[in-house]
Amino acid sequence: MGGLDVKIWFSQDDFKEYGEGITGKEIIKRDFPELSKEVVGLKVNNELIDLHTPIKKDSRIEFVRLGDKGSEEIYRHTLSHVMAQAVKRLFPDTKLGIGPTIENGFYYDFDIPDRISDDDLPRIEEEMKKIVDADLEIERFELPRNKAIEKLREMGEIYKVKLVEDINDDVVSFYKQGDFIDLCKGPHMPSTGWIKNFKLLNVSGAYWRGDERNPMLQRIYATAFVTKSALEEYLKVMEEARKRDHRKLGTQLDLYSFHPDVAPGMVFFHPKGLVVKNELIRVWRDKHHEKGYQEIQTPLILNESLWRRSGHWDHYKNNMYFSKIDNATYAVKPMNCPGHIIIYKSKMRSYRELPIKFSELGIVHRYEKGGVLHGLMRVRGFTQDDAHVFCTEEQIKEQIIEIIEIIDYLYGLFGFSYNMELSTMPEDHMGDEKTWDKATVELKAALNSTGKEYVINEGEGAFYGPKIDFHIKDSIGRLWQCGTIQLDFLMPERFELTYIGADNKEHRPVMIHRALYGSLERFMGILVEHFGGAFPTWLAPIQVKILPIADRHFEYARAVASKLDSERIRVEVDARDRKTSYKVREAQIEKVPYMAIIGDREVSNNTIAIRLRSGKDIGPQPLDSFINKIKEEIETLSLTSAYE
RNA sequence: GCCAGCGUAGCUCAGCUGGAAGAGCAGCUGAUUUGUAAUCAGCAGGUCAUGGGUUCGAAUCCCUUCGCUGGCUCCA
């Protein structure tokens, strides 16, 4: 340790002096031995470090106890080392890749000569437990860059060598526990005995540095939490997500199906699934009508020249489907914008018409790599709730604000909260930076005026303009990207769009591309999982299921059904020869909001006995009063039952 | 596309180290007339994803193709 003293401040007026390079571990050992079982790290001048890292200058420190903010990071990081150590014990020829912490856990990439599978995970977990039980002391040491490279070469850690070569610092740090040594910047726990709450999840392939030209390593994913209850809670949510899987529920509820042999990445909507989709469209149309949108329809297949002019040919060709007809090349549309532009250009436009808002439920096709297709969430053909607003530059801000209002309304219908992200100019882009800056400034102004928080993603915009993305949060806390608003100064330029201004001169309009659900298919998948298949009544494919007890009740049941049907309530009669309890069970599994049981009592009193899918028995209700209640529930797009 | 796992009846799955393709649910037929999460009986249903190979013999072992599932830069 150096001779110079450093002052360590524990609070405003409480400090102690130590030798330079003192570590948290030493401070605790010397002056706070009672904390040695609790503290796992330090916040030094607000930066998280572990107890192994030397402190070289006067600092203000706070102790980070297990369970405090930041401790999870340390916990998981050390576990990734423990996993690496276990894997190296079981597969000695393993070379290490990287092992970062991630949301809810961590992973480590290995180059293992043997192929491992999920079946190997229990063995690895066992080995990890041994390392934890041994409570190995963790040590940190530093080496000059060239020495570090030399050492890693000797160890045969070729990937680590590459990592160090890319690091600019003169000195790099290593961590050691038992006979395991790894290049690492930390932070790490004091020893391996602390980290008991983890579970290995799965094995997968992952390219070195995510580049498909690099060798593929084997990645092991794991989850870990500081407390046992948090780990169990997380595993429960994962289990819940599995149960709600929209692919499973889609088959069970007879909503849609997939037939990859005839149409990979495409959806077949069954009658009940289409009811849901059409309801989504209905509320969407109503809102757009209210906001002055005009719905249009443009062709699915358009000539190559259009796509060249729009820039898709240069920037989006790899995702497009093509077809040759009469010696000309046509492309299946991956986006609707060029079609909308054609309609805009079909006649002269005046400033008095602006903003022009064209909406279209356009069916678009985008080629996606086979491996990424996933139920309704990632498909090759889908319905986009697209719209393009053609307006003047002065109108941009108010138009963006209006779109955010519509989004707020639509997402609210399903009980989603959401957050917003602004993405700026990507590397592959059209147009000059000045135009991009102007567009970005406009979007920021609109976002700021909503008073809501948003995040900025540098370089994530579309090739023709910056954008705002909307992420919704579902009922089990997962985030989904849905809506998007994209500002575009370039397409109007390319297509030489004009309007005649009050000065009788030609001007260039601005285009705003926007989708709110994003993809109707995907949004529906999200809804299925969000509601676990139990749609609110207005969305439910069948809203009332009538369950007559015996044959003699069929006539009355059918009369009730036809009455409900005439009130535009979606109703089904279960006239099968089964016991009532059986019919109730089936309706329950189908998650029909209302069951109407009909027996002798109901027939003679002109009532129906209502049971909710929650299991609640409401008992006999006069038919008219039921109709009034449910109609109101449907018309107000209520998320909850009128009887609960 | 790449890595790993998987593909048996409409659905969920069993089928061991190779030796006659099974169950439950759903469907159909009949009995039963049922009061809030599964009435009983019978019948029917399969080129074991595909093509090839090993073998006296393959759902099972090996290879090909197709498909599905989980992943494929939250950087030491």
# chains A, B, ... in the order shown; residues from 1 in each chain; ligands from 1

call {"tool": "interface_residues", "arguments": {"of": "chain B", "to": "chain A", "cutoff": "12 Å", "atoms": "only C-alpha atoms (C1' of nucleotides)", "output": "number ranges by chain"}}
result
B: 1-5, 10-12, 26, 31-40, 49, 66-76

call {"tool": "select_by_dssp", "arguments": {"residues": "stretch 285-457 of chain A", "states": "strand (DSSP E)", "output": "ChimeraX atom specification"}}
result
/A:294-295,301-303,321-325,328-332,356-365,381-391,417-423,454-457

call {"tool": "residues_around", "arguments": {"residues": "A:Ile341", "least_positions_apart": "6", "cutoff": "9 Å", "atoms": "only C-alpha atoms (C1' of nucleotides)", "output": "list in words"}}
result
His388, Met491, Pro492, Phe495 and Leu497 of chain A

call {"tool": "residues_around", "arguments": {"residues": "stretch 45-57 of chain A", "least_positions_apart": "2", "cutoff": "6 Å", "atoms": "only C-alpha atoms (C1' of nucleotides)", "output": "PDB file with N, CA, C and O atoms, in the first residue's frame"}}
result
ATOM      1  N   VAL A   6      -5.507   8.374   2.515  1.00  0.00           N
ATOM      2  CA  VAL A   6      -6.740   8.847   1.866  1.00  0.00           C
ATOM      3  C   VAL A   6      -7.798   9.015   2.946  1.00  0.00           C
ATOM      4  O   VAL A   6      -7.844   8.252   3.911  1.00  0.00           O
ATOM      5  N   GLU A  20      -3.359   4.566   1.110  1.00  0.00           N
ATOM      6  CA  GLU A  20      -3.867   4.588  -0.261  1.00  0.00           C
ATOM      7  C   GLU A  20      -4.018   3.160  -0.783  1.00  0.00           C
ATOM      8  O   GLU A  20      -3.150   2.314  -0.541  1.00  0.00           O
ATOM      9  N   GLY A  21      -5.115   2.899  -1.448  1.00  0.00           N
ATOM     10  CA  GLY A  21      -5.343   1.561  -1.975  1.00  0.00           C
ATOM     11  C   GLY A  21      -6.057   0.655  -0.982  1.00  0.00           C
ATOM     12  O   GLY A  21      -6.157  -0.553  -1.174  1.00  0.00           O
ATOM     13  N   ILE A  22      -6.570   1.272   0.084  1.00  0.00           N
ATOM     14  CA  ILE A  22      -7.357   0.494   1.043  1.00  0.00           C
ATOM     15  C   ILE A  22      -8.584  -0.066   0.326  1.00  0.00           C
ATOM     16  O   ILE A  22      -9.115   0.564  -0.586  1.00  0.00           O
ATOM     17  N   THR A  23      -9.021  -1.275   0.720  1.00  0.00           N
ATOM     18  CA  THR A  23     -10.221  -1.837   0.098  1.00  0.00           C
ATOM     19  C   THR A  23     -11.368  -1.845   1.111  1.00  0.00           C
ATOM     20  O   THR A  23     -11.137  -1.736   2.322  1.00  0.00           O
ATOM     21  N   GLY A  24     -12.553  -2.004   0.584  1.00  0.00           N
ATOM     22  CA  GLY A  24     -13.727  -2.064   1.445  1.00  0.00           C
ATOM     23  C   GLY A  24     -13.599  -3.178   2.473  1.00  0.00           C
ATOM     24  O   GLY A  24     -13.985  -3.045   3.628  1.00  0.00           O
ATOM     25  N   LYS A  25     -13.052  -4.271   2.020  1.00  0.00           N
ATOM     26  CA  LYS A  25     -12.907  -5.426   2.887  1.00  0.00           C
ATOM     27  C   LYS A  25     -12.064  -5.067   4.111  1.00  0.00           C
ATOM     28  O   LYS A  25     -12.402  -5.396   5.264  1.00  0.00           O
ATOM     29  N   GLY A  41     -20.757  -4.576  -0.991  1.00  0.00           N
ATOM     30  CA  GLY A  41     -20.136  -3.629  -1.908  1.00  0.00           C
ATOM     31  C   GLY A  41     -20.149  -2.237  -1.323  1.00  0.00           C
ATOM     32  O   GLY A  41     -20.632  -2.013  -0.204  1.00  0.00           O
ATOM     33  N   LEU A  42     -19.622  -1.320  -2.107  1.00  0.00           N
ATOM     34  CA  LEU A  42     -19.570   0.074  -1.673  1.00  0.00           C
ATOM     35  C   LEU A  42     -20.074   0.953  -2.778  1.00  0.00           C
ATOM     36  O   LEU A  42     -19.923   0.637  -3.958  1.00  0.00           O
ATOM     37  N   LYS A  43     -20.640   2.069  -2.359  1.00  0.00           N
ATOM     38  CA  LYS A  43     -20.900   3.124  -3.328  1.00  0.00           C
ATOM     39  C   LYS A  43     -19.858   4.179  -3.049  1.00  0.00           C
ATOM     40  O   LYS A  43     -19.867   4.810  -1.988  1.00  0.00           O
ATOM     41  N   ARG A  60     -16.089   9.586  -0.634  1.00  0.00           N
ATOM     42  CA  ARG A  60     -17.243   9.475   0.228  1.00  0.00           C
ATOM     43  C   ARG A  60     -17.865   8.110  -0.046  1.00  0.00           C
ATOM     44  O   ARG A  60     -18.137   7.796  -1.204  1.00  0.00           O
ATOM     45  N   ARG A 140      -8.913 -10.158  -5.785  1.00  0.00           N
ATOM     46  CA  ARG A 140      -8.772  -9.346  -6.988  1.00  0.00           C
ATOM     47  C   ARG A 140      -7.309  -8.984  -7.145  1.00  0.00           C
ATOM     48  O   ARG A 140      -6.621  -8.742  -6.163  1.00  0.00           O
ATOM     49  N   PRO A 187     -18.181  -5.948 -10.480  1.00  0.00           N
ATOM     50  CA  PRO A 187     -17.838  -6.195  -9.084  1.00  0.00           C
ATOM     51  C   PRO A 187     -18.204  -7.622  -8.636  1.00  0.00           C
ATOM     52  O   PRO A 187     -18.998  -8.283  -9.280  1.00  0.00           O
ATOM     53  N   HIS A 188     -17.591  -8.031  -7.533  1.00  0.00           N
ATOM     54  CA  HIS A 188     -17.852  -9.373  -7.023  1.00  0.00           C
ATOM     55  C   HIS A 188     -18.092  -9.403  -5.523  1.00  0.00           C
ATOM     56  O   HIS A 188     -17.678  -8.502  -4.802  1.00  0.00           O
TER      57      HIS A 188
END

call {"tool": "select_by_dssp", "arguments": {"residues": "stretch 383-581 of chain A", "states": "alpha helix (DSSP H)", "output": "ChimeraX atom specification"}}
result
/A:396-412,433-450,490-494,520-531,554-566,580-581

call {"tool": "closest_residue", "arguments": {"among": "B:G45, B:G7, B:G51, B:G57", "to": "B:G19", "atoms": "only C-alpha atoms (C1' of nucleotides)"}}
result
B:G57

call {"tool": "closest_residue", "arguments": {"among": "B:U65, B:G15, B:A21, B:A9", "to": "B:A44", "atoms": "only C-alpha atoms (C1' of nucleotides)"}}
result
B:A9

call {"tool": "residues_around", "arguments": {"residues": "A:Phe258", "least_positions_apart": "2", "cutoff": "7 Å", "atoms": "only C-alpha atoms (C1' of nucleotides)", "output": "ChimeraX atom specification"}}
result
/A:260,266-268
